[in-house]
Amino acid sequence: QVQLVESGGGLVQPGGSLKLSCTASGTISLLKNMDWYRRTPGKERELVATITARGATTYADSVKGRFTVSNANPRTAIYLQMNNLRPEDTAVYYCHAKLFITSDDVWGRGTQVIVSS
């Protein structure tokens with residue numbers, strides 16, 4: 001149905017920026033909400049940002065004012081612009097989508113972000 005592939009992760013110094021991309025393929029008309037999650041070893045998976053099919057966005061308190069989620073038009077990709085990165089932003093970032101009709105969850109494989117000097 002739908003496949004998600006993340007890209008754009010890497011190593012960046014504190015205070016730096018990265019832009020993550022999540023490319024969707026398949027039946028993209030099924031895409032409902034799309035999100036960015038992150039996971040750090042030993043911690044719970046954290047919802048970072050959400051963008052709805054109508055373009056409404058929400059953010060975790062920990063990234064408000066620093067991260068911006070957006071989507072391409074047509075909606076074949078979403079992005080996460082991450083500014084003023086901190087060491088605690090180090091994690092594997094995953095793209096997730098909820099589908100219309102079936103309410104299935106689709107996940108990408110993740111992209112590693114390391115914030116370190």
# chains A, B, ... in the order shown; residues from 1 in each chain; ligands from 1
call {"tool": "select_by_dssp", "arguments": {"residues": "chain A", "states": "strand (DSSP E or B)", "output": "number ranges by chain"}}
result
A: 2-7, 10-12, 18-26, 31-39, 46-51, 57-59, 67-71, 77-82, 91-99, 105-107, 111-115
call {"tool": "write_last_selection", "arguments": {"atoms": "C-alpha atoms", "output": "JSON list (two decimals), in the first residue's frame"}}
result
[["chain", "number", "residue", "atom", "x", "y", "z"],
["A", 2, "VAL", "CA", 2.37, 2.69, 1.29],
["A", 3, "GLN", "CA", 6.11, 2.67, 1.95],
["A", 4, "LEU", "CA", 8.08, 5.32, 3.83],
["A", 5, "VAL", "CA", 11.81, 5.97, 3.54],
["A", 6, "GLU", "CA", 13.66, 8.46, 5.73],
["A", 7, "SER", "CA", 16.86, 10.29, 4.84],
["A", 10, "GLY", "CA", 23.87, 12.49, 10.31],
["A", 11, "LEU", "CA", 26.34, 13.99, 12.75],
["A", 12, "VAL", "CA", 25.98, 17.66, 13.65],
["A", 18, "LEU", "CA", 19.60, 19.17, 9.87],
["A", 19, "LYS", "CA", 16.65, 18.54, 7.59],
["A", 20, "LEU", "CA", 15.11, 15.10, 7.55],
["A", 21, "SER", "CA", 13.02, 13.84, 4.66],
["A", 22, "CYS", "CA", 10.43, 11.08, 4.54],
["A", 23, "THR", "CA", 9.50, 9.97, 1.04],
["A", 24, "ALA", "CA", 6.23, 8.13, 0.55],
["A", 25, "SER", "CA", 5.46, 5.75, -2.28],
["A", 26, "GLY", "CA", 2.50, 3.58, -3.16],
["A", 31, "LEU", "CA", -2.06, 8.97, 3.86],
["A", 32, "LYS", "CA", -3.85, 10.57, 6.80],
["A", 33, "ASN", "CA", -1.74, 12.00, 9.62],
["A", 34, "MET", "CA", 2.01, 11.76, 9.24],
["A", 35, "ASP", "CA", 4.43, 12.04, 12.12],
["A", 36, "TRP", "CA", 8.03, 12.08, 13.15],
["A", 37, "TYR", "CA", 8.97, 9.97, 16.17],
["A", 38, "ARG", "CA", 12.33, 9.44, 17.76],
["A", 39, "ARG", "CA", 13.82, 6.75, 19.95],
["A", 46, "GLU", "CA", 8.70, 10.04, 21.64],
["A", 47, "LEU", "CA", 6.27, 11.73, 19.25],
["A", 48, "VAL", "CA", 8.16, 14.73, 17.90],
["A", 49, "ALA", "CA", 5.84, 16.34, 15.37],
["A", 50, "THR", "CA", 2.62, 15.65, 13.48],
["A", 51, "ILE", "CA", 1.21, 17.07, 10.26],
["A", 57, "THR", "CA", 0.93, 20.76, 12.82],
["A", 58, "THR", "CA", 1.66, 19.90, 16.44],
["A", 59, "TYR", "CA", 4.96, 19.52, 18.27],
["A", 67, "PHE", "CA", 11.75, 22.02, 14.74],
["A", 68, "THR", "CA", 9.36, 22.55, 11.84],
["A", 69, "VAL", "CA", 7.40, 19.82, 10.05],
["A", 70, "SER", "CA", 6.15, 20.40, 6.52],
["A", 71, "ASN", "CA", 4.98, 18.41, 3.54],
["A", 77, "ALA", "CA", 7.05, 13.58, 1.28],
["A", 78, "ILE", "CA", 7.23, 15.22, 4.67],
["A", 79, "TYR", "CA", 10.19, 17.03, 6.14],
["A", 80, "LEU", "CA", 11.53, 17.88, 9.57],
["A", 81, "GLN", "CA", 13.69, 20.98, 9.73],
["A", 82, "MET", "CA", 15.67, 20.80, 12.95],
["A", 91, "ALA", "CA", 18.12, 9.60, 18.46],
["A", 92, "VAL", "CA", 16.89, 7.47, 15.61],
["A", 93, "TYR", "CA", 14.12, 9.41, 13.90],
["A", 94, "TYR", "CA", 11.24, 7.50, 12.36],
["A", 95, "CYS", "CA", 8.58, 8.56, 9.92],
["A", 96, "HIS", "CA", 5.10, 7.23, 10.61],
["A", 97, "ALA", "CA", 1.80, 7.45, 8.80],
["A", 98, "LYS", "CA", -1.76, 6.54, 9.70],
["A", 99, "LEU", "CA", -3.81, 5.45, 6.73],
["A", 105, "ASP", "CA", 0.17, 2.22, 10.79],
["A", 106, "VAL", "CA", 3.12, 2.46, 8.42],
["A", 107, "TRP", "CA", 6.69, 3.02, 9.62],
["A", 111, "THR", "CA", 17.51, 7.67, 10.23],
["A", 112, "GLN", "CA", 20.14, 8.31, 12.90],
["A", 113, "VAL", "CA", 20.76, 11.83, 14.18],
["A", 114, "ILE", "CA", 23.78, 12.45, 16.41],
["A", 115, "VAL", "CA", 24.34, 15.83, 18.01]]
call {"tool": "closest_residue", "arguments": {"among": "A:Ile28, A:Thr40, A:Ser116, A:Leu85", "to": "Ser62 (chain A)", "atoms": "only C-alpha atoms"}}
result
A:Leu85
call {"tool": "atom_distance", "arguments": {"atom1": "CA of Ala60 (chain A)", "atom2": "CA of Ala72 (chain A)"}}
result
21.6 Å
call {"tool": "atom_distance", "arguments": {"atom1": "CA of Lys43 (chain A)", "atom2": "CA of Arg66 (chain A)"}}
result
21.2 Å
call {"tool": "atom_distance", "arguments": {"atom1": "CA of Arg54 (chain A)", "atom2": "CA of Arg109 (chain A)"}}
result
25.2 Å
call {"tool": "closest_residue", "arguments": {"among": "A:Ser17, A:Asn84, A:Thr102, A:Thr52", "to": "Gln1 (chain A)", "atoms": "only C-alpha atoms"}}
result
A:Thr102
